[in-house]
$ cat work33.cif   # mmCIF, C-alpha atoms
data_run
loop_
_atom_site.label_atom_id
_atom_site.label_comp_id
_atom_site.auth_asym_id
_atom_site.auth_seq_id
_atom_site.Cartn_x
_atom_site.Cartn_y
_atom_site.Cartn_z
CA MET H 1098 75.99 106.79 118.37
CA LYS H 1099 72.26 106.47 119.20
CA HIS H 1100 70.98 107.17 115.68
CA PRO H 1101 73.48 105.92 113.06
CA ASN H 1102 71.30 106.99 110.12
CA THR H 1103 70.99 110.56 111.36
CA PHE H 1104 74.21 111.64 109.64
CA LEU H 1105 73.11 110.12 106.32
CA MET H 1106 69.66 111.73 106.49
CA LEU H 1107 71.20 115.10 107.38
CA ALA H 1108 73.68 114.84 104.51
CA LEU H 1109 70.93 113.93 102.05
CA ALA H 1110 68.77 116.81 103.23
CA LEU H 1111 71.68 119.22 102.84
CA ALA H 1112 72.41 117.87 99.38
CA ALA H 1113 68.78 118.24 98.37
CA SER H 1114 68.70 121.84 99.52
CA MET H 1115 71.86 122.59 97.56
CA ALA H 1116 70.35 121.05 94.43
CA ALA H 1117 67.13 122.98 94.88
CA GLN H 1118 69.16 126.17 94.57
CA GLN H 1119 70.31 125.20 91.06
CA THR H 1120 68.55 126.92 88.22
CA PRO H 1121 65.92 124.96 86.28
CA ALA H 1122 67.87 125.68 83.07
CA ALA H 1123 70.94 123.87 84.45
CA MET H 1124 68.81 120.92 85.50
CA SER H 1125 66.99 120.54 82.17
CA SER H 1126 70.10 121.08 80.06
CA GLY H 1127 71.73 118.02 81.64
CA GLN H 1128 74.59 120.10 83.01
CA ALA H 1129 76.31 118.26 85.85
CA PRO H 1130 77.42 120.13 88.98
CA SER H 1131 81.16 120.55 89.43
CA GLY H 1132 82.87 117.54 90.99
CA THR H 1133 80.38 115.11 89.43
CA ALA H 1134 80.06 113.14 86.20
CA VAL H 1135 76.90 112.32 84.23
CA THR H 1136 76.12 108.60 84.44
CA ASN H 1137 72.70 108.44 82.78
CA ARG H 1138 71.25 110.97 80.35
CA GLN H 1139 67.50 111.33 80.52
CA LEU H 1140 65.23 114.34 80.70
CA ASN H 1141 66.90 115.00 84.05
CA THR H 1142 70.40 113.54 84.12
CA GLU H 1143 71.77 111.28 86.86
CA VAL H 1144 75.24 112.12 88.18
CA GLN H 1145 77.78 110.44 90.49
CA PRO H 1146 80.68 112.01 92.41
CA ILE H 1147 84.19 112.11 90.99
CA VAL H 1148 86.90 111.05 93.45
CA LYS H 1149 89.30 113.85 94.35
CA GLN H 1150 92.82 112.54 93.83
CA VAL H 1151 95.45 113.14 96.47
CA GLY H 1152 97.94 115.76 95.27
CA VAL H 1153 101.38 114.17 95.07
CA THR H 1154 103.85 116.83 96.23
CA PRO H 1155 107.64 116.84 95.93
CA ALA H 1156 107.81 116.07 99.67
CA ILE H 1157 105.72 112.91 99.16
CA ILE H 1158 107.85 111.86 96.18
CA ARG H 1159 111.03 112.46 98.20
CA ALA H 1160 109.69 110.39 101.12
CA ALA H 1161 108.65 107.60 98.73
CA GLN H 1162 112.08 107.63 97.04
CA THR H 1163 113.77 107.36 100.44
CA LYS H 1164 111.50 104.47 101.56
CA LEU H 1165 111.97 102.65 98.24
CA ASN H 1166 115.76 103.01 98.40
CA LEU H 1167 115.83 101.77 102.01
CA SER H 1168 113.68 98.79 101.01
CA GLY H 1169 116.10 97.71 98.29
CA TYR H 1170 114.40 99.25 95.28
CA THR H 1171 116.55 101.58 93.17
CA ALA H 1172 114.53 104.80 93.05
CA GLY H 1173 117.56 107.05 92.52
CA ASN H 1174 118.41 110.12 94.56
CA ALA H 1175 115.63 111.45 96.79
CA THR H 1176 115.12 114.64 94.78
CA GLY H 1177 111.35 114.94 95.06
CA HIS H 1178 110.98 114.72 91.27
CA MET H 1179 109.39 111.74 89.55
CA ASN H 1180 111.90 110.19 87.14
CA PRO H 1181 112.13 106.90 85.20
CA SER H 1182 114.10 105.10 87.93
CA THR H 1183 111.53 106.15 90.54
CA ARG H 1184 108.68 104.92 88.31
CA ARG H 1185 110.46 101.58 87.81
CA ALA H 1186 111.02 101.24 91.57
CA ILE H 1187 107.36 102.06 92.27
CA SER H 1188 106.25 99.49 89.68
CA ALA H 1189 108.49 96.81 91.21
CA PHE H 1190 107.21 97.66 94.70
CA GLN H 1191 103.59 97.54 93.53
CA ALA H 1192 104.14 94.17 91.85
CA LYS H 1193 105.77 92.67 94.95
CA GLU H 1194 103.02 94.01 97.24
CA GLY H 1195 100.24 92.75 94.96
CA LEU H 1196 99.01 96.24 94.15
CA ASN H 1197 97.72 97.54 90.83
CA VAL H 1198 100.96 98.19 88.87
CA THR H 1199 100.78 101.77 87.57
CA GLY H 1200 104.24 103.18 88.27
CA SER H 1201 102.62 106.15 89.99
CA LEU H 1202 102.00 107.10 93.60
CA ASP H 1203 98.32 106.44 94.16
CA GLU H 1204 96.66 106.36 97.58
CA ASN H 1205 97.08 102.61 98.00
CA THR H 1206 100.79 102.69 97.10
CA MET H 1207 101.44 105.66 99.40
CA SER H 1208 99.67 103.79 102.19
CA HIS H 1209 101.85 100.69 101.69
CA LEU H 1210 104.97 102.90 101.69
CA ASN H 1211 103.69 104.80 104.77
CA VAL H 1212 104.03 108.19 103.08
CA GLY H 1213 101.56 111.04 102.42
CA GLY H 1214 99.13 110.26 105.24
CA THR H 1215 98.26 113.87 106.04
CA ASP H 1216 97.74 114.70 102.36
CA THR H 1217 95.41 111.72 102.03
CA PHE H 1218 93.43 112.96 105.05
CA GLY H 1219 93.28 116.43 103.49
CA ALA H 1220 91.59 115.13 100.33
CA ALA H 1221 88.95 113.09 102.19
CA PRO H 1222 86.31 115.72 103.16
CA SER H 1223 85.78 116.86 99.58
CA ASP H 1224 84.51 113.39 98.69
CA ILE H 1225 81.54 113.76 101.05
CA GLY H 1226 80.80 117.18 99.55
CA ARG H 1227 80.95 115.82 96.00
CA GLY H 1228 78.66 112.94 96.99
CA GLY H 1229 76.23 115.39 98.55
CA LYS H 1230 76.30 117.63 95.51
CA ALA H 1231 75.60 114.68 93.19
CA ALA H 1232 72.87 113.38 95.51
CA GLY H 1233 71.19 116.78 95.60
CA HIS H 1234 71.24 116.99 91.83
CA ASP H 1235 69.78 113.49 91.54
CA ILE H 1236 67.04 114.16 94.11
CA ALA H 1237 66.04 117.38 92.36
CA GLY H 1238 65.98 115.47 89.07
CA GLY H 1239 63.69 112.77 90.48
CA HIS H 1240 66.30 110.02 90.87
CA PRO H 1241 66.28 109.00 94.55
CA VAL H 1242 68.08 105.67 93.97
CA ALA H 1243 70.92 107.42 92.11
CA ALA H 1244 71.01 110.02 94.91
CA THR H 1245 71.46 107.34 97.55
CA GLU H 1246 74.19 105.69 95.46
CA ALA H 1247 75.97 109.05 95.01
CA MET H 1248 75.90 109.80 98.73
CA GLY H 1249 77.12 106.28 99.49
CA LYS H 1250 79.99 106.63 97.04
CA GLY H 1251 81.01 109.97 98.56
CA ILE H 1252 80.99 108.55 102.08
CA GLY H 1253 82.76 105.40 100.90
CA HIS H 1254 85.57 107.35 99.22
CA PHE H 1255 85.89 109.48 102.34
CA GLY H 1256 86.19 106.37 104.54
CA LYS H 1257 88.76 104.79 102.24
CA LYS H 1258 90.95 107.91 102.31
CA VAL H 1259 90.72 108.16 106.09
CA GLY H 1260 91.69 104.49 106.36
CA GLU H 1261 94.60 104.84 103.93
CA GLY H 1262 95.77 108.01 105.68
CA THR H 1263 95.60 106.32 109.07
CA LYS H 1264 97.57 103.36 107.77
CA SER H 1265 100.22 105.69 106.35
CA LEU H 1266 100.59 107.49 109.67
CA ALA H 1267 100.49 104.40 111.89
CA VAL H 1268 103.70 103.40 113.59
CA THR H 1269 104.85 100.02 112.33
CA GLY H 1270 106.51 97.34 114.46
CA LYS H 1271 109.89 98.21 112.94
CA ASP H 1272 109.56 101.83 114.09
CA LYS H 1273 108.83 101.07 117.75
CA VAL H 1274 111.46 101.72 120.39
CA THR H 1275 112.58 98.45 121.97
CA ALA H 1276 114.50 99.80 124.96
CA ASP H 1277 113.76 102.31 127.68
CA HIS H 1278 116.53 104.89 127.32
CA ASP H 1279 115.59 106.67 130.55
CA SER H 1280 116.60 103.77 132.76
CA ASP H 1281 118.84 100.73 132.81
CA LYS H 1282 115.83 98.44 132.70
CA PRO H 1283 115.17 97.00 129.22
CA ALA H 1284 111.73 97.47 127.68
CA ASP H 1285 109.29 94.60 127.22
CA PRO H 1286 109.98 92.59 124.06
CA PRO H 1287 107.77 93.49 121.07
CA ARG H 1288 104.59 91.43 120.74
CA GLN H 1289 104.31 89.15 117.74
#

$ encode --input "work33.cif" --output "C-alpha cells"
Amino acid sequence: MKHPNTFLMLALALAASMAAQQTPAAMSSGQAPSGTAVTNRQLNTEVQPIVKQVGVTPAIIRAAQTKLNLSGYTAGNATGHMNPSTRRAISAFQAKEGLNVTGSLDENTMSHLNVGGTDTFGAAPSDIGRGGKAAGHDIAGGHPVAATEAMGKGIGHFGKKVGEGTKSLAVTGKDKVTADHDSDKPADPPRQ
C-alpha cells in the first residue's frame, strides 16, 4: 500500500461528516451516538466505541461442546444449549489454556477451541463503524485526541476479531491429511 495513512484519514473524514449531521441539541445535551459510551462529560462529551460482542449461537455451542468432549473435558451431550456441565468444561479449558476464566464462550475461548470463526468475522466490521461514529462525535465536539483514540480502538477491535476468526478457521497440524489417497505414494511427513 503506497499511502498507509490514507485509510485512516478517509475513515476520520467520514466519521466527521457523520457527526456533523447530528443535531446541535444532541451534541450539547451530552447524548452519545448509538454504539458508543460517554467517557468524559464536559460541555461537549467525549465518547468511545463499544465492542460488538460475537453472538454465540446454538451451532457454536454445539461445536464447542463437541471439541471439549473430544479434548477430555466433560461438557455433556452436544445439544447446543449452555448448561452447567458445559460451563464447568469451558472454565477448566480456559484455566488450562491460560485464558481469562469466565465459563462463557468469548472470542478468545472460541478461537482456542477453533469454533465460531465465521461469526467472529461477521461481528468485525461494526467495530470500525462504531469507532468512526465515536470519532465523528468527538471531532464535532472539539476533542480531536479522543477522536483519534476512538478510531484507533474501532480499528483495533476489528483487527483482533479478524485475527481471532482467522485462527478459528485455520487448519491445525492435527487436521492435515498425512497420506495421498489418490496414489500409492505416501505424502511427505508433516513439518515440525

$ residues_near_point --input "work33.cif" --point "(82.8, 115.4, 83.3)" --cutoff "12 Å" --atoms "only C-alpha atoms" --output "ChimeraX atom specification"
/H:1127-1136,1144-1148

$ resolve_selection --input "work33.cif" --expression "the PyMOL selection byres ((chain H and resi 1265) around 10)" --output "PyMOL selection string"
chain H and resi 1204-1215+1217+1259-1264+1266-1269

$ resolve_selection --input "work33.cif" --expression "the PyMOL selection byres ((chain H and resi 1248) around 6)" --output "ChimeraX atom specification"
/H:1228-1229,1232,1245-1247,1249-1251

$ resolve_selection --input "work33.cif" --expression "the PyMOL selection byres ((chain H and resi 1189) around 12)" --output "PyMOL selection string"
chain H and resi 1165-1166+1168-1172+1182-1188+1190-1201+1206

$ write_last_selection --input "work33.cif" --atoms "C-alpha atoms" --output "compact mmCIF listing (two decimals), in the frame of the given file"
# COMPACT_ATOMS: atom_id res chain seq x y z
CA LEU H 1165 111.97 102.65 98.24
CA ASN H 1166 115.76 103.01 98.40
CA SER H 1168 113.68 98.79 101.01
CA GLY H 1169 116.10 97.71 98.29
CA TYR H 1170 114.40 99.25 95.28
CA THR H 1171 116.55 101.58 93.17
CA ALA H 1172 114.53 104.80 93.05
CA SER H 1182 114.10 105.10 87.93
CA THR H 1183 111.53 106.15 90.54
CA ARG H 1184 108.68 104.92 88.31
CA ARG H 1185 110.46 101.58 87.81
CA ALA H 1186 111.02 101.24 91.57
CA ILE H 1187 107.36 102.06 92.27
CA SER H 1188 106.25 99.49 89.68
CA PHE H 1190 107.21 97.66 94.70
CA GLN H 1191 103.59 97.54 93.53
CA ALA H 1192 104.14 94.17 91.85
CA LYS H 1193 105.77 92.67 94.95
CA GLU H 1194 103.02 94.01 97.24
CA GLY H 1195 100.24 92.75 94.96
CA LEU H 1196 99.01 96.24 94.15
CA ASN H 1197 97.72 97.54 90.83
CA VAL H 1198 100.96 98.19 88.87
CA THR H 1199 100.78 101.77 87.57
CA GLY H 1200 104.24 103.18 88.27
CA SER H 1201 102.62 106.15 89.99
CA THR H 1206 100.79 102.69 97.10

$ atom_distance --input "work33.cif" --atom1 "atom CA of H:Leu1202" --atom2 "atom CA of H:Ile1157"
8.9 Å

$ atom_distance --input "work33.cif" --atom1 "atom CA of H:Ala1220" --atom2 "atom CA of H:Lys1257"
10.9 Å

$ build_atoms --input "work33.cif" --residues "stretch 1160-1171 of chain H" --atoms "all heavy atoms" --output "PDB file, keeping the file's coordinate frame"
ATOM      1  N   ALA H1160     109.874 111.402 100.060  1.00  0.00           N
ATOM      2  CA  ALA H1160     109.690 110.390 101.120  1.00  0.00           C
ATOM      3  C   ALA H1160     109.556 108.998 100.507  1.00  0.00           C
ATOM      4  O   ALA H1160     110.122 108.027 101.017  1.00  0.00           O
ATOM      5  CB  ALA H1160     108.469 110.725 101.965  1.00  0.00           C
ATOM      6  N   ALA H1161     108.816 108.897  99.404  1.00  0.00           N
ATOM      7  CA  ALA H1161     108.650 107.600  98.730  1.00  0.00           C
ATOM      8  C   ALA H1161     109.988 107.114  98.170  1.00  0.00           C
ATOM      9  O   ALA H1161     110.323 105.925  98.295  1.00  0.00           O
ATOM     10  CB  ALA H1161     107.622 107.705  97.618  1.00  0.00           C
ATOM     11  N   GLN H1162     110.766 108.013  97.574  1.00  0.00           N
ATOM     12  CA  GLN H1162     112.080 107.630  97.040  1.00  0.00           C
ATOM     13  C   GLN H1162     112.974 107.113  98.165  1.00  0.00           C
ATOM     14  O   GLN H1162     113.664 106.101  98.008  1.00  0.00           O
ATOM     15  CB  GLN H1162     112.738 108.826  96.340  1.00  0.00           C
ATOM     16  CG  GLN H1162     112.091 109.168  95.023  1.00  0.00           C
ATOM     17  CD  GLN H1162     112.534 110.525  94.483  1.00  0.00           C
ATOM     18  OE1 GLN H1162     112.820 111.464  95.232  1.00  0.00           O
ATOM     19  NE2 GLN H1162     112.572 110.633  93.153  1.00  0.00           N
ATOM     20  N   THR H1163     112.958 107.788  99.292  1.00  0.00           N
ATOM     21  CA  THR H1163     113.770 107.360 100.440  1.00  0.00           C
ATOM     22  C   THR H1163     113.330 105.975 100.915  1.00  0.00           C
ATOM     23  O   THR H1163     114.165 105.086 101.127  1.00  0.00           O
ATOM     24  CB  THR H1163     113.655 108.384 101.583  1.00  0.00           C
ATOM     25  OG1 THR H1163     114.109 109.653 101.102  1.00  0.00           O
ATOM     26  CG2 THR H1163     114.467 107.967 102.789  1.00  0.00           C
ATOM     27  N   LYS H1164     112.011 105.769 101.093  1.00  0.00           N
ATOM     28  CA  LYS H1164     111.500 104.470 101.560  1.00  0.00           C
ATOM     29  C   LYS H1164     111.827 103.365 100.561  1.00  0.00           C
ATOM     30  O   LYS H1164     112.198 102.268 100.955  1.00  0.00           O
ATOM     31  CB  LYS H1164     109.985 104.539 101.767  1.00  0.00           C
ATOM     32  CG  LYS H1164     109.566 105.391 102.923  1.00  0.00           C
ATOM     33  CD  LYS H1164     109.430 104.570 104.161  1.00  0.00           C
ATOM     34  CE  LYS H1164     108.865 105.446 105.266  1.00  0.00           C
ATOM     35  NZ  LYS H1164     108.192 104.715 106.283  1.00  0.00           N
ATOM     36  N   LEU H1165     111.677 103.658  99.270  1.00  0.00           N
ATOM     37  CA  LEU H1165     111.970 102.650  98.240  1.00  0.00           C
ATOM     38  C   LEU H1165     113.449 102.277  98.267  1.00  0.00           C
ATOM     39  O   LEU H1165     113.799 101.098  98.199  1.00  0.00           O
ATOM     40  CB  LEU H1165     111.556 103.158  96.861  1.00  0.00           C
ATOM     41  CG  LEU H1165     110.047 103.211  96.608  1.00  0.00           C
ATOM     42  CD1 LEU H1165     109.734 104.057  95.383  1.00  0.00           C
ATOM     43  CD2 LEU H1165     109.473 101.819  96.466  1.00  0.00           C
ATOM     44  N   ASN H1166     114.313 103.283  98.354  1.00  0.00           N
ATOM     45  CA  ASN H1166     115.760 103.010  98.400  1.00  0.00           C
ATOM     46  C   ASN H1166     116.127 102.184  99.635  1.00  0.00           C
ATOM     47  O   ASN H1166     116.923 101.247  99.548  1.00  0.00           O
ATOM     48  CB  ASN H1166     116.566 104.315  98.372  1.00  0.00           C
ATOM     49  CG  ASN H1166     116.571 104.956  97.001  1.00  0.00           C
ATOM     50  OD1 ASN H1166     116.474 104.283  95.981  1.00  0.00           O
ATOM     51  ND2 ASN H1166     116.677 106.274  96.970  1.00  0.00           N
ATOM     52  N   LEU H1167     115.541 102.514 100.787  1.00  0.00           N
ATOM     53  CA  LEU H1167     115.830 101.770 102.010  1.00  0.00           C
ATOM     54  C   LEU H1167     115.291 100.339 101.952  1.00  0.00           C
ATOM     55  O   LEU H1167     115.809  99.449 102.627  1.00  0.00           O
ATOM     56  CB  LEU H1167     115.231 102.490 103.228  1.00  0.00           C
ATOM     57  CG  LEU H1167     115.909 103.800 103.634  1.00  0.00           C
ATOM     58  CD1 LEU H1167     115.112 104.502 104.727  1.00  0.00           C
ATOM     59  CD2 LEU H1167     117.339 103.545 104.086  1.00  0.00           C
ATOM     60  N   SER H1168     114.273 100.122 101.135  1.00  0.00           N
ATOM     61  CA  SER H1168     113.680  98.790 101.010  1.00  0.00           C
ATOM     62  C   SER H1168     114.324  97.949  99.925  1.00  0.00           C
ATOM     63  O   SER H1168     113.859  96.857  99.625  1.00  0.00           O
ATOM     64  CB  SER H1168     112.176  98.927 100.723  1.00  0.00           C
ATOM     65  OG  SER H1168     111.538  99.587 101.782  1.00  0.00           O
ATOM     66  N   GLY H1169     115.380  98.486  99.292  1.00  0.00           N
ATOM     67  CA  GLY H1169     116.100  97.710  98.290  1.00  0.00           C
ATOM     68  C   GLY H1169     115.697  97.964  96.858  1.00  0.00           C
ATOM     69  O   GLY H1169     116.195  97.313  95.943  1.00  0.00           O
ATOM     70  N   TYR H1170     114.788  98.886  96.638  1.00  0.00           N
ATOM     71  CA  TYR H1170     114.400  99.250  95.280  1.00  0.00           C
ATOM     72  C   TYR H1170     115.257 100.444  94.864  1.00  0.00           C
ATOM     73  O   TYR H1170     115.524 101.338  95.663  1.00  0.00           O
ATOM     74  CB  TYR H1170     112.918  99.638  95.213  1.00  0.00           C
ATOM     75  CG  TYR H1170     112.011  98.517  95.644  1.00  0.00           C
ATOM     76  CD1 TYR H1170     111.569  98.421  96.960  1.00  0.00           C
ATOM     77  CD2 TYR H1170     111.609  97.539  94.746  1.00  0.00           C
ATOM     78  CE1 TYR H1170     110.744  97.391  97.365  1.00  0.00           C
ATOM     79  CE2 TYR H1170     110.787  96.509  95.141  1.00  0.00           C
ATOM     80  CZ  TYR H1170     110.350  96.443  96.453  1.00  0.00           C
ATOM     81  OH  TYR H1170     109.539  95.421  96.857  1.00  0.00           O
ATOM     82  N   THR H1171     115.674 100.497  93.629  1.00  0.00           N
ATOM     83  CA  THR H1171     116.550 101.580  93.170  1.00  0.00           C
ATOM     84  C   THR H1171     115.702 102.704  92.606  1.00  0.00           C
ATOM     85  O   THR H1171     115.345 102.694  91.428  1.00  0.00           O
ATOM     86  CB  THR H1171     117.540 101.066  92.111  1.00  0.00           C
ATOM     87  OG1 THR H1171     118.188  99.910  92.635  1.00  0.00           O
ATOM     88  CG2 THR H1171     118.570 102.124  91.774  1.00  0.00           C
TER      89      THR H1171
END
